[in-house]
Amino acid sequence: MASSEEQTNTLGDYAAEHGAVAYSRSKSRDDPLSVLDEEDPIFANEDLLRIDHIPDHDKIVGRNDQIETVARRLKPTIDGGSGKGTLLLGKSGSGKTLVTRYVSREVEERGASNDVRIGRAIIDCAQRRSEVQTIIHLSKSLNDSDKTGVEIPQSGIATGAYYDRLWTVIDELYDAVIVVLDEIDRLAPPDDAQNVPPEEADDSKLLMQLSRAGEENDVEASITVVGISNDLKYGDRLDTRVESSFAPDEIVFPAYDANQLGDILDRRRDAYHDGVLSDDVIPLCSAFSAQEHGDARRAIDLFRLAGEIARDDDADHVREEHVRAANDDAEVTRIQDLIRGCPTQAKVAIAALAAMDEYTNQSHFKATEMYQVYREFAEAIDTNVLGQKRITDQLREYETLKIIDMTRTSDGYREGTYLQLSLLDEASLLLQSIGLDDRCSKIPIDSRMRQRLIDIVGR
């Protein structure tokens, strides 16, 4: 780290060393709505690159064994029976959710051919984060209040009452239900949680209720539960009672290699117009994604974003430089969008705060400390130096954008009150984003300046 830092003389150097790449956007149009009447010059069918798109079987790569195994587990539901509890385990982007969506859709359609009413609900537990919120969303996903007369309030009733309404919905509308709990491990207590018995954890209570509903005569319809987790050891941590009732078979999804990722993208090239993709786009997207544990979701997203960047550049083809720009941290792009067009002085002030966060052992700073660093940065790149009040007022805009937090605080009676600043985004991302600005890229952050930051903070 030290040797790398010694070579980092400016903010532009920092951005380059962290892989940030600036890319241009198309010039503003006289009629910005004209884009609505134009054919997309790059994409023929961008929906093929949506993360929730379910492709046909011939476009699913390297997952035949997993598809067959999941299909065997869910097959009994085609005749209204109960499938086998299943846990799909593997790293993010290894095809777990895709395979589950694909197989469960096929099972639902074949059940309909047998006059079997199959309900299918795929719940993202990472967005719910509690047993109650998950059950509310599950109930709403399966419910048709016009047919059942059941309303699912967002709050105000007991957990048991939510389950009772879920059972009513299921029996009114379905012969069999497939419940997919994506990222089920997000309902488990954190590893450092104390005084939470395993049977009282939200994931345990949810799995227990769903897997035992038939045994307890809560429902007549069959319920099959599929859990999905990025944690390969999640099954080992299940409560013994849950393991007994849920009794899941575990299916492990290995990471994709670069060749498989390339095959996945090649089978989705129909998203683009013919002749738009240069030959190196798919191999480069695959190589970048293979470096991150073979994440197909990232590969597809990178493939899509490269096209969007090419379109924003008014390019005729998607080329290597568009992929490299897309490979930049998505958060850097987000922050670039937030600070694009803001005054140079505001960028310098944000850079000052981010550099203090990055190169000292503090995360909260007095406004007077930030202003000292701002002055040195501004003078170093020969830009106008504003007064502290004006700079503070400019930064308040970025408080509303959730980049900076500004709080009036006190160190006690003798010190009085003062304005305290801290970052709500990562310092590194802000430094990379601002380092892509032509003028701010010259801000010095060499060893002398880093020592100066430490001296100014002095804590």
# chains A, B, ... in the order shown; residues from 1 in each chain; ligands from 1

call {"tool": "residues_around", "arguments": {"residues": "Tyr371 of chain A", "least_positions_apart": "3", "cutoff": "12 Å", "atoms": "only C-alpha atoms", "output": "VMD selection string"}}
result
chain A and resid 345 to 346 348 to 353 356 365 to 368 374 to 378 385 to 392 395 419 to 421 453 456 to 457

call {"tool": "select_by_dssp", "arguments": {"residues": "segment 249-412 of chain A", "states": "alpha helix (DSSP H)", "output": "number ranges by chain"}}
result
A: 258-266, 281-290, 296-312, 320-327, 330-339, 344-359, 367-380, 388-400

call {"tool": "closest_residue", "arguments": {"among": "A:Leu206, A:Val219, A:Val132, A:Val107", "to": "Ile170 of chain A", "atoms": "only C-alpha atoms"}}
result
A:Val219

call {"tool": "atom_distance", "arguments": {"atom1": "atom CA of Thr240 of chain A", "atom2": "atom CA of Glu215 of chain A"}}
result
17.4 Å

call {"tool": "atom_distance", "arguments": {"atom1": "atom CA of Asp425 of chain A", "atom2": "atom CA of Ile403 of chain A"}}
result
5.5 Å

call {"tool": "residues_around", "arguments": {"residues": "segment 245-249 of chain A", "least_positions_apart": "6", "cutoff": "7 Å", "atoms": "only C-alpha atoms", "output": "list in words"}}
result
Gly85, Thr86, Leu87, Leu207, Met208, Ser211 and Arg212 of chain A

call {"tool": "write_last_selection", "arguments": {"atoms": "N, CA, C and O atoms", "output": "PDB file, in the first residue's frame"}}
result
ATOM      1  N   GLY A  85     -38.644 -30.308  -0.346  1.00  0.00           N
ATOM      2  CA  GLY A  85     -37.952 -29.112   0.100  1.00  0.00           C
ATOM      3  C   GLY A  85     -36.531 -29.082  -0.434  1.00  0.00           C
ATOM      4  O   GLY A  85     -35.836 -30.111  -0.430  1.00  0.00           O
ATOM      5  N   THR A  86     -36.099 -27.923  -0.909  1.00  0.00           N
ATOM      6  CA  THR A  86     -34.813 -27.838  -1.603  1.00  0.00           C
ATOM      7  C   THR A  86     -34.080 -26.559  -1.218  1.00  0.00           C
ATOM      8  O   THR A  86     -34.696 -25.507  -1.061  1.00  0.00           O
ATOM      9  N   LEU A  87     -32.774 -26.686  -1.060  1.00  0.00           N
ATOM     10  CA  LEU A  87     -31.900 -25.528  -0.874  1.00  0.00           C
ATOM     11  C   LEU A  87     -30.950 -25.445  -2.053  1.00  0.00           C
ATOM     12  O   LEU A  87     -30.231 -26.410  -2.349  1.00  0.00           O
ATOM     13  N   LEU A 207     -39.664 -20.988   7.848  1.00  0.00           N
ATOM     14  CA  LEU A 207     -39.548 -22.323   7.256  1.00  0.00           C
ATOM     15  C   LEU A 207     -40.385 -23.343   8.018  1.00  0.00           C
ATOM     16  O   LEU A 207     -40.987 -24.243   7.416  1.00  0.00           O
ATOM     17  N   MET A 208     -40.434 -23.208   9.321  1.00  0.00           N
ATOM     18  CA  MET A 208     -41.222 -24.127  10.135  1.00  0.00           C
ATOM     19  C   MET A 208     -42.708 -24.015   9.781  1.00  0.00           C
ATOM     20  O   MET A 208     -43.392 -25.033   9.574  1.00  0.00           O
ATOM     21  N   SER A 211     -43.336 -25.307   6.034  1.00  0.00           N
ATOM     22  CA  SER A 211     -43.113 -26.740   5.805  1.00  0.00           C
ATOM     23  C   SER A 211     -44.065 -27.623   6.603  1.00  0.00           C
ATOM     24  O   SER A 211     -44.314 -28.771   6.239  1.00  0.00           O
ATOM     25  N   ARG A 212     -44.640 -27.098   7.701  1.00  0.00           N
ATOM     26  CA  ARG A 212     -45.542 -27.888   8.532  1.00  0.00           C
ATOM     27  C   ARG A 212     -47.014 -27.539   8.336  1.00  0.00           C
ATOM     28  O   ARG A 212     -47.878 -28.070   9.033  1.00  0.00           O
TER      29      ARG A 212
END

call {"tool": "decode", "arguments": {"residues": "segment 206-231 of chain A", "atoms": "N, CA and C atoms", "output": "CSV table (one decimal), in the first residue's frame"}}
result
chain,number,residue,atom,x,y,z
A,206,LEU,N,-40.2,-19.0,9.8
A,206,LEU,CA,-40.9,-19.0,8.5
A,206,LEU,C,-40.8,-20.4,7.9
A,207,LEU,N,-39.7,-21.0,7.8
A,207,LEU,CA,-39.5,-22.3,7.3
A,207,LEU,C,-40.4,-23.3,8.0
A,208,MET,N,-40.4,-23.2,9.3
A,208,MET,CA,-41.2,-24.1,10.1
A,208,MET,C,-42.7,-24.0,9.8
A,209,GLN,N,-43.2,-22.8,9.7
A,209,GLN,CA,-44.6,-22.6,9.4
A,209,GLN,C,-45.0,-23.1,8.0
A,210,LEU,N,-44.2,-22.8,7.0
A,210,LEU,CA,-44.5,-23.2,5.7
A,210,LEU,C,-44.4,-24.7,5.5
A,211,SER,N,-43.3,-25.3,6.0
A,211,SER,CA,-43.1,-26.7,5.8
A,211,SER,C,-44.1,-27.6,6.6
A,212,ARG,N,-44.6,-27.1,7.7
A,212,ARG,CA,-45.5,-27.9,8.5
A,212,ARG,C,-47.0,-27.5,8.3
A,213,ALA,N,-47.3,-26.6,7.4
A,213,ALA,CA,-48.7,-26.2,7.2
A,213,ALA,C,-49.6,-27.4,6.9
A,214,GLY,N,-49.2,-28.3,6.1
A,214,GLY,CA,-50.0,-29.4,5.8
A,214,GLY,C,-50.2,-30.4,7.0
A,215,GLU,N,-49.1,-30.6,7.7
A,215,GLU,CA,-49.2,-31.5,8.8
A,215,GLU,C,-50.1,-31.0,9.9
A,216,GLU,N,-50.1,-29.7,10.1
A,216,GLU,CA,-50.9,-29.0,11.1
A,216,GLU,C,-52.4,-28.8,10.6
A,217,ASN,N,-52.7,-29.2,9.4
A,217,ASN,CA,-54.0,-29.0,8.8
A,217,ASN,C,-54.4,-27.6,8.6
A,218,ASP,N,-53.4,-26.7,8.5
A,218,ASP,CA,-53.6,-25.3,8.2
A,218,ASP,C,-54.2,-25.1,6.8
A,219,VAL,N,-53.7,-25.9,5.9
A,219,VAL,CA,-54.1,-25.8,4.5
A,219,VAL,C,-54.3,-27.2,3.9
A,220,GLU,N,-55.2,-27.3,2.9
A,220,GLU,CA,-55.4,-28.5,2.2
A,220,GLU,C,-54.5,-28.6,0.9
A,221,ALA,N,-54.2,-27.5,0.3
A,221,ALA,CA,-53.3,-27.4,-0.8
A,221,ALA,C,-51.9,-27.8,-0.3
A,222,SER,N,-51.1,-28.3,-1.3
A,222,SER,CA,-49.7,-28.7,-0.9
A,222,SER,C,-48.8,-27.4,-1.1
A,223,ILE,N,-47.8,-27.4,-0.2
A,223,ILE,CA,-46.8,-26.2,-0.3
A,223,ILE,C,-45.4,-26.8,-0.4
A,224,THR,N,-44.7,-26.4,-1.5
A,224,THR,CA,-43.3,-26.8,-1.7
A,224,THR,C,-42.4,-25.6,-1.5
A,225,VAL,N,-41.4,-25.7,-0.7
A,225,VAL,CA,-40.5,-24.5,-0.4
A,225,VAL,C,-39.2,-24.8,-1.0
A,226,VAL,N,-38.7,-23.8,-1.7
A,226,VAL,CA,-37.3,-23.8,-2.3
A,226,VAL,C,-36.6,-22.6,-1.7
A,227,GLY,N,-35.5,-22.8,-1.0
A,227,GLY,CA,-34.7,-21.8,-0.4
A,227,GLY,C,-33.4,-21.5,-1.3
A,228,ILE,N,-33.0,-20.3,-1.4
A,228,ILE,CA,-31.9,-19.9,-2.2
A,228,ILE,C,-30.9,-19.1,-1.4
A,229,SER,N,-29.6,-19.5,-1.4
A,229,SER,CA,-28.7,-18.8,-0.5
A,229,SER,C,-27.3,-18.7,-1.2
A,230,ASN,N,-26.6,-17.6,-1.0
A,230,ASN,CA,-25.3,-17.4,-1.5
A,230,ASN,C,-24.3,-18.1,-0.5
A,231,ASP,N,-24.8,-18.4,0.7
A,231,ASP,CA,-23.9,-19.0,1.7
A,231,ASP,C,-23.9,-20.5,1.6
